[in-house]
Each structure stands twice: as structure tokens, then as C-alpha cells.
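Participant: Provided herewith: structure12.pdb, PDB, C-alpha atoms, pLDDT in the B column.
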ATOM      1  CA  GLN I   1     101.605 144.441 100.444  1.00 73.00           C
ATOM      2  CA  VAL I   2      99.355 142.229 102.548  1.00 74.00           C
ATOM      3  CA  GLN I   3     100.502 138.625 102.635  1.00 87.00           C
ATOM      4  CA  LEU I   4      98.928 135.437 103.796  1.00 94.00           C
ATOM      5  CA  VAL I   5     100.777 133.458 106.472  1.00 94.00           C
ATOM      6  CA  GLU I   6     101.528 129.835 105.660  1.00 95.00           C
ATOM      7  CA  SER I   7     102.731 127.054 107.929  1.00 94.00           C
ATOM      8  CA  GLY I   8     103.091 123.289 108.005  1.00 95.00           C
ATOM      9  CA  GLY I   9     105.647 122.491 105.336  1.00 94.00           C
ATOM     10  CA  GLY I  10     108.620 120.243 105.919  1.00 97.00           C
ATOM     11  CA  LEU I  11     110.379 117.009 105.082  1.00 98.00           C
ATOM     12  CA  VAL I  12     108.470 113.733 105.015  1.00 98.00           C
ATOM     13  CA  GLN I  13     109.050 110.256 103.658  1.00 98.00           C
ATOM     14  CA  ALA I  14     107.055 108.925 100.741  1.00 98.00           C
ATOM     15  CA  GLY I  15     103.696 107.651 101.922  1.00 98.00           C
ATOM     16  CA  GLY I  16     103.591 110.137 104.768  1.00 98.00           C
ATOM     17  CA  SER I  17     101.288 113.060 105.489  1.00 98.00           C
ATOM     18  CA  LEU I  18     101.507 116.790 106.053  1.00 98.00           C
ATOM     19  CA  ARG I  19      98.960 119.494 106.767  1.00 98.00           C
ATOM     20  CA  LEU I  20      99.442 123.013 105.433  1.00 98.00           C
ATOM     21  CA  SER I  21      97.663 126.009 106.893  1.00 98.00           C
ATOM     22  CA  CYS I  22      97.262 129.499 105.484  1.00 97.00           C
ATOM     23  CA  ALA I  23      95.741 132.423 107.358  1.00 95.00           C
ATOM     24  CA  ALA I  24      94.597 135.692 105.867  1.00 92.00           C
ATOM     25  CA  PRO I  25      94.661 138.821 108.048  1.00 90.00           C
ATOM     26  CA  VAL I  26      91.292 139.947 109.363  1.00 81.00           C
ATOM     27  CA  SER I  27      91.767 143.102 107.299  1.00 83.00           C
ATOM     28  CA  ILE I  28      91.024 140.974 104.228  1.00 83.00           C
ATOM     29  CA  PHE I  29      87.263 140.503 104.229  1.00 81.00           C
ATOM     30  CA  ASN I  30      84.676 139.138 101.836  1.00 88.00           C
ATOM     31  CA  ILE I  31      87.055 136.453 100.604  1.00 90.00           C
ATOM     32  CA  ASN I  32      85.639 134.399  97.760  1.00 93.00           C
ATOM     33  CA  GLY I  33      87.917 131.613  96.527  1.00 95.00           C
ATOM     34  CA  MET I  34      90.935 130.267  98.366  1.00 96.00           C
ATOM     35  CA  GLY I  35      93.382 127.630  97.311  1.00 97.00           C
ATOM     36  CA  TRP I  36      96.847 126.277  96.790  1.00 98.00           C
ATOM     37  CA  TYR I  37      99.365 126.271  93.970  1.00 98.00           C
ATOM     38  CA  ARG I  38     102.772 124.628  93.896  1.00 98.00           C
ATOM     39  CA  GLN I  39     105.984 125.089  91.988  1.00 98.00           C
ATOM     40  CA  ALA I  40     108.675 122.452  91.659  1.00 96.00           C
ATOM     41  CA  PRO I  41     112.247 123.332  90.619  1.00 91.00           C
ATOM     42  CA  GLY I  42     112.429 124.022  86.895  1.00 94.00           C
ATOM     43  CA  LYS I  43     108.674 123.749  86.454  1.00 95.00           C
ATOM     44  CA  GLN I  44     105.801 126.167  86.096  1.00 96.00           C
ATOM     45  CA  ARG I  45     103.511 126.928  88.994  1.00 96.00           C
ATOM     46  CA  GLU I  46     100.503 124.605  88.912  1.00 97.00           C
ATOM     47  CA  LEU I  47      97.124 124.617  90.574  1.00 98.00           C
ATOM     48  CA  VAL I  48      96.726 122.047  93.346  1.00 98.00           C
ATOM     49  CA  ALA I  49      93.296 122.674  94.848  1.00 98.00           C
ATOM     50  CA  THR I  50      90.665 125.376  95.235  1.00 98.00           C
ATOM     51  CA  ILE I  51      87.682 125.916  97.493  1.00 98.00           C
ATOM     52  CA  THR I  52      84.848 128.409  97.219  1.00 96.00           C
ATOM     53  CA  LYS I  53      83.293 130.335 100.068  1.00 94.00           C
ATOM     54  CA  GLY I  54      80.455 127.833 100.025  1.00 94.00           C
ATOM     55  CA  GLY I  55      82.810 124.869 100.230  1.00 95.00           C
ATOM     56  CA  SER I  56      82.881 123.580  96.657  1.00 97.00           C
ATOM     57  CA  THR I  57      86.260 122.068  95.870  1.00 98.00           C
ATOM     58  CA  ASN I  58      88.383 121.354  92.830  1.00 98.00           C
ATOM     59  CA  TYR I  59      91.609 119.339  92.599  1.00 98.00           C
ATOM     60  CA  ALA I  60      94.379 118.715  90.139  1.00 98.00           C
ATOM     61  CA  ASP I  61      94.175 115.179  88.765  1.00 98.00           C
ATOM     62  CA  SER I  62      97.589 114.408  90.235  1.00 97.00           C
ATOM     63  CA  VAL I  63      96.378 114.911  93.810  1.00 98.00           C
ATOM     64  CA  LYS I  64      92.788 113.683  93.675  1.00 98.00           C
ATOM     65  CA  GLY I  65      92.096 111.116  96.361  1.00 97.00           C
ATOM     66  CA  ARG I  66      95.262 112.059  98.285  1.00 98.00           C
ATOM     67  CA  PHE I  67      94.833 115.746  99.156  1.00 98.00           C
ATOM     68  CA  THR I  68      91.902 117.443 100.873  1.00 98.00           C
ATOM     69  CA  ILE I  69      91.320 121.182 100.933  1.00 98.00           C
ATOM     70  CA  SER I  70      89.152 122.816 103.574  1.00 98.00           C
ATOM     71  CA  ARG I  71      88.596 126.266 105.017  1.00 96.00           C
ATOM     72  CA  ASP I  72      87.356 128.023 108.121  1.00 95.00           C
ATOM     73  CA  ASN I  73      85.626 131.198 106.986  1.00 92.00           C
ATOM     74  CA  ALA I  74      85.423 132.575 110.523  1.00 91.00           C
ATOM     75  CA  LYS I  75      89.211 132.371 110.789  1.00 92.00           C
ATOM     76  CA  ASN I  76      90.000 133.363 107.189  1.00 93.00           C
ATOM     77  CA  THR I  77      92.063 130.178 107.008  1.00 95.00           C
ATOM     78  CA  VAL I  78      92.495 127.514 104.358  1.00 97.00           C
ATOM     79  CA  TYR I  79      94.048 124.086 104.927  1.00 98.00           C
ATOM     80  CA  LEU I  80      95.558 121.419 102.726  1.00 98.00           C
ATOM     81  CA  GLN I  81      95.713 117.915 104.155  1.00 98.00           C
ATOM     82  CA  MET I  82      98.194 115.899 102.105  1.00 98.00           C
ATOM     83  CA  SER I  83      98.364 112.120 102.434  1.00 98.00           C
ATOM     84  CA  SER I  84     100.132 109.324 100.568  1.00 98.00           C
ATOM     85  CA  LEU I  85     102.767 111.828  99.571  1.00 98.00           C
ATOM     86  CA  LYS I  86     105.050 111.062  96.652  1.00 98.00           C
ATOM     87  CA  PRO I  87     108.485 112.438  95.749  1.00 97.00           C
ATOM     88  CA  GLU I  88     106.863 114.231  92.812  1.00 96.00           C
ATOM     89  CA  ASP I  89     104.830 116.287  95.305  1.00 98.00           C
ATOM     90  CA  THR I  90     108.067 118.027  96.301  1.00 98.00           C
ATOM     91  CA  ALA I  91     107.593 121.744  95.642  1.00 98.00           C
ATOM     92  CA  VAL I  92     107.069 125.133  97.186  1.00 98.00           C
ATOM     93  CA  TYR I  93     103.386 125.445  98.015  1.00 98.00           C
ATOM     94  CA  TYR I  94     101.673 128.830  97.795  1.00 97.00           C
ATOM     95  CA  CYS I  95      98.242 129.706  99.115  1.00 97.00           C
ATOM     96  CA  TYR I  96      96.012 132.452  97.797  1.00 96.00           C
ATOM     97  CA  ALA I  97      92.822 134.258  98.666  1.00 95.00           C
ATOM     98  CA  GLU I  98      90.742 136.251  96.234  1.00 94.00           C
ATOM     99  CA  GLN I  99      88.226 139.013  96.558  1.00 91.00           C
ATOM    100  CA  THR I 100      86.183 140.422  93.694  1.00 88.00           C
ATOM    101  CA  PHE I 101      88.939 142.731  92.447  1.00 90.00           C
ATOM    102  CA  SER I 102      92.036 141.662  94.391  1.00 91.00           C
ATOM    103  CA  ASP I 103      94.027 138.573  95.246  1.00 92.00           C
ATOM    104  CA  TYR I 104      96.583 137.872  97.945  1.00 94.00           C
ATOM    105  CA  TRP I 105      99.347 135.313  98.217  1.00 95.00           C
ATOM    106  CA  GLY I 106     101.423 133.589 100.845  1.00 95.00           C
ATOM    107  CA  GLN I 107     105.206 133.588 100.873  1.00 94.00           C
ATOM    108  CA  GLY I 108     105.423 129.881 100.059  1.00 95.00           C
ATOM    109  CA  THR I 109     106.259 126.871 102.193  1.00 96.00           C
ATOM    110  CA  GLN I 110     108.619 124.079 101.154  1.00 97.00           C
ATOM    111  CA  VAL I 111     107.355 120.513 101.043  1.00 98.00           C
ATOM    112  CA  THR I 112     109.996 117.857 100.429  1.00 98.00           C
ATOM    113  CA  VAL I 113     109.093 114.187 100.045  1.00 98.00           C
ATOM    114  CA  SER I 114     111.992 111.739 100.220  1.00 97.00           C
ATOM    115  CA  PRO I 115     111.826 108.357  98.439  1.00 95.00           C
TER     116      PRO I 115
END
Please lay out the structure from this file as C-alpha cells.
Facilitator:
Amino acid sequence: QVQLVESGGGLVQAGGSLRLSCAAPVSIFNINGMGWYRQAPGKQRELVATITKGGSTNYADSVKGRFTISRDNAKNTVYLQMSSLKPEDTAVYYCYAEQTFSDYWGQGTQVTVSP
């Protein structure tokens, strides 16, 4: 099973920033949408942000104005710049990449925001 490779998670104080990266292998081509989900303990996985191949973005209301998603199509990589982090942003963050008939996921990276 092909997996995406995530990096950039960690521990940060409230108000701080982190940048997540997620790279898809070059064997995955013609990627359409990419994005990020997160799952906090005891909660369902929720959508954080998405970005199309053309660069159109969509954000969960809870992160609008604080998070920025971007991608480098040449590198098959998607980024999530997180600023003004809050304790409620604590979760495992998962990236994904989708083709027409398939989707691929990262292994998850932990983001912990201390008060």
C-alpha cells in the first residue's frame, strides 16, 4: 500500500506555529485534490483543509484565518501552515491525495498544543 510521507508535527505552546509537509511518491501521478484531516482523542476525523490541482482552497470554519494550505505540484507535496494554534487544535493530522479512482493517505503526525 503506497503511503504519503508526513513531517512537521510536534509540541508547541498556544499561539505558536507549525508547518506540516506531506509528500506523495512520484509513482502517484495525475493527483487531483490534496488536503488534511485531523482526529482528536475520542472524536471523529474531521476535514481541516483541501486544495485542488489548480490551487482553489477550502477550510474548516474552526481554522479559517489561522491555517494556510498550499501545494507544489512539481514535488507532489502539500503543506499546512498553522498559526495562532490553540489547545483544541491538538490532534493527529493526516494528509491525503486523490486521483480519479484512488486515494492515498499519510500515516499521521501528532500535533500537540499546550495551554
Participant: Using the chain letters and numbers from the file, give me the residues hit by the PyMOL selection byres ((chain I and resi 65-75) around 10), as a count of residues only.
Facilitator: 45
Participant: Could you list, as a PyMOL selection string, every residue matched by the PyMOL selection byres ((chain I and resi 12) around 9) in this structure?
Facilitator: chain I and resi 10-11+13-18+85+111-114
Participant: Would you save the residues of that selection, restricted to C-alpha atoms, as an mmCIF file, in the coordinates of the input?
Facilitator:
data_model
loop_
_atom_site.group_PDB
_atom_site.id
_atom_site.type_symbol
_atom_site.label_atom_id
_atom_site.label_comp_id
_atom_site.auth_asym_id
_atom_site.auth_seq_id
_atom_site.Cartn_x
_atom_site.Cartn_y
_atom_site.Cartn_z
ATOM 1 C CA GLY I 10 108.620 120.243 105.919
ATOM 2 C CA LEU I 11 110.379 117.009 105.082
ATOM 3 C CA GLN I 13 109.050 110.256 103.658
ATOM 4 C CA ALA I 14 107.055 108.925 100.741
ATOM 5 C CA GLY I 15 103.696 107.651 101.922
ATOM 6 C CA GLY I 16 103.591 110.137 104.768
ATOM 7 C CA SER I 17 101.288 113.060 105.489
ATOM 8 C CA LEU I 18 101.507 116.790 106.053
ATOM 9 C CA LEU I 85 102.767 111.828 99.571
ATOM 10 C CA VAL I 111 107.355 120.513 101.043
ATOM 11 C CA THR I 112 109.996 117.857 100.429
ATOM 12 C CA VAL I 113 109.093 114.187 100.045
ATOM 13 C CA SER I 114 111.992 111.739 100.220
#
Participant: Considering only C-alpha atoms, can you say which of I:Gly108, I:Thr90, I:Gln99, I:Ser7 comes closest to Pro41 in chain I?
Facilitator: I:Thr90
Participant: Which of these residues is nearest to Gly42 in chain I, using all atoms listed in the file: I:Thr100, I:Gln3, I:Pro87, I:Val92?
Facilitator: I:Val92
Participant: Smallest atom-to-atom distance to Ala40 in chain I: which of I:Tyr93, I:Leu4, I:Gly9, I:Asp103, using only C-alpha atoms?
Facilitator: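 Answer, going by the shortest atom-to-atom distance: I:Tyr93.
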Participant: One decimal, Å: what's the distance from CA of Ser102 in chain I over to CA of Ile28 in chain I, could you say?
Facilitator: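 Pair CA of Ser102 in chain I / CA of Ile28 in chain I returns 9.9 Å.
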Participant: In Å, how far is it from CA of Cys95 in chain I to CA of Lys43 in chain I?
Facilitator: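 Distance between the two atoms: 17.5 Å.
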Participant: Report the distance between CA of Ala91 in chain I and CA of Val2 in chain I in Å, rounded to one decimal place.
Facilitator: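 Going from CA of Ala91 in chain I over to CA of Val2 in chain I covers 23.1 Å.
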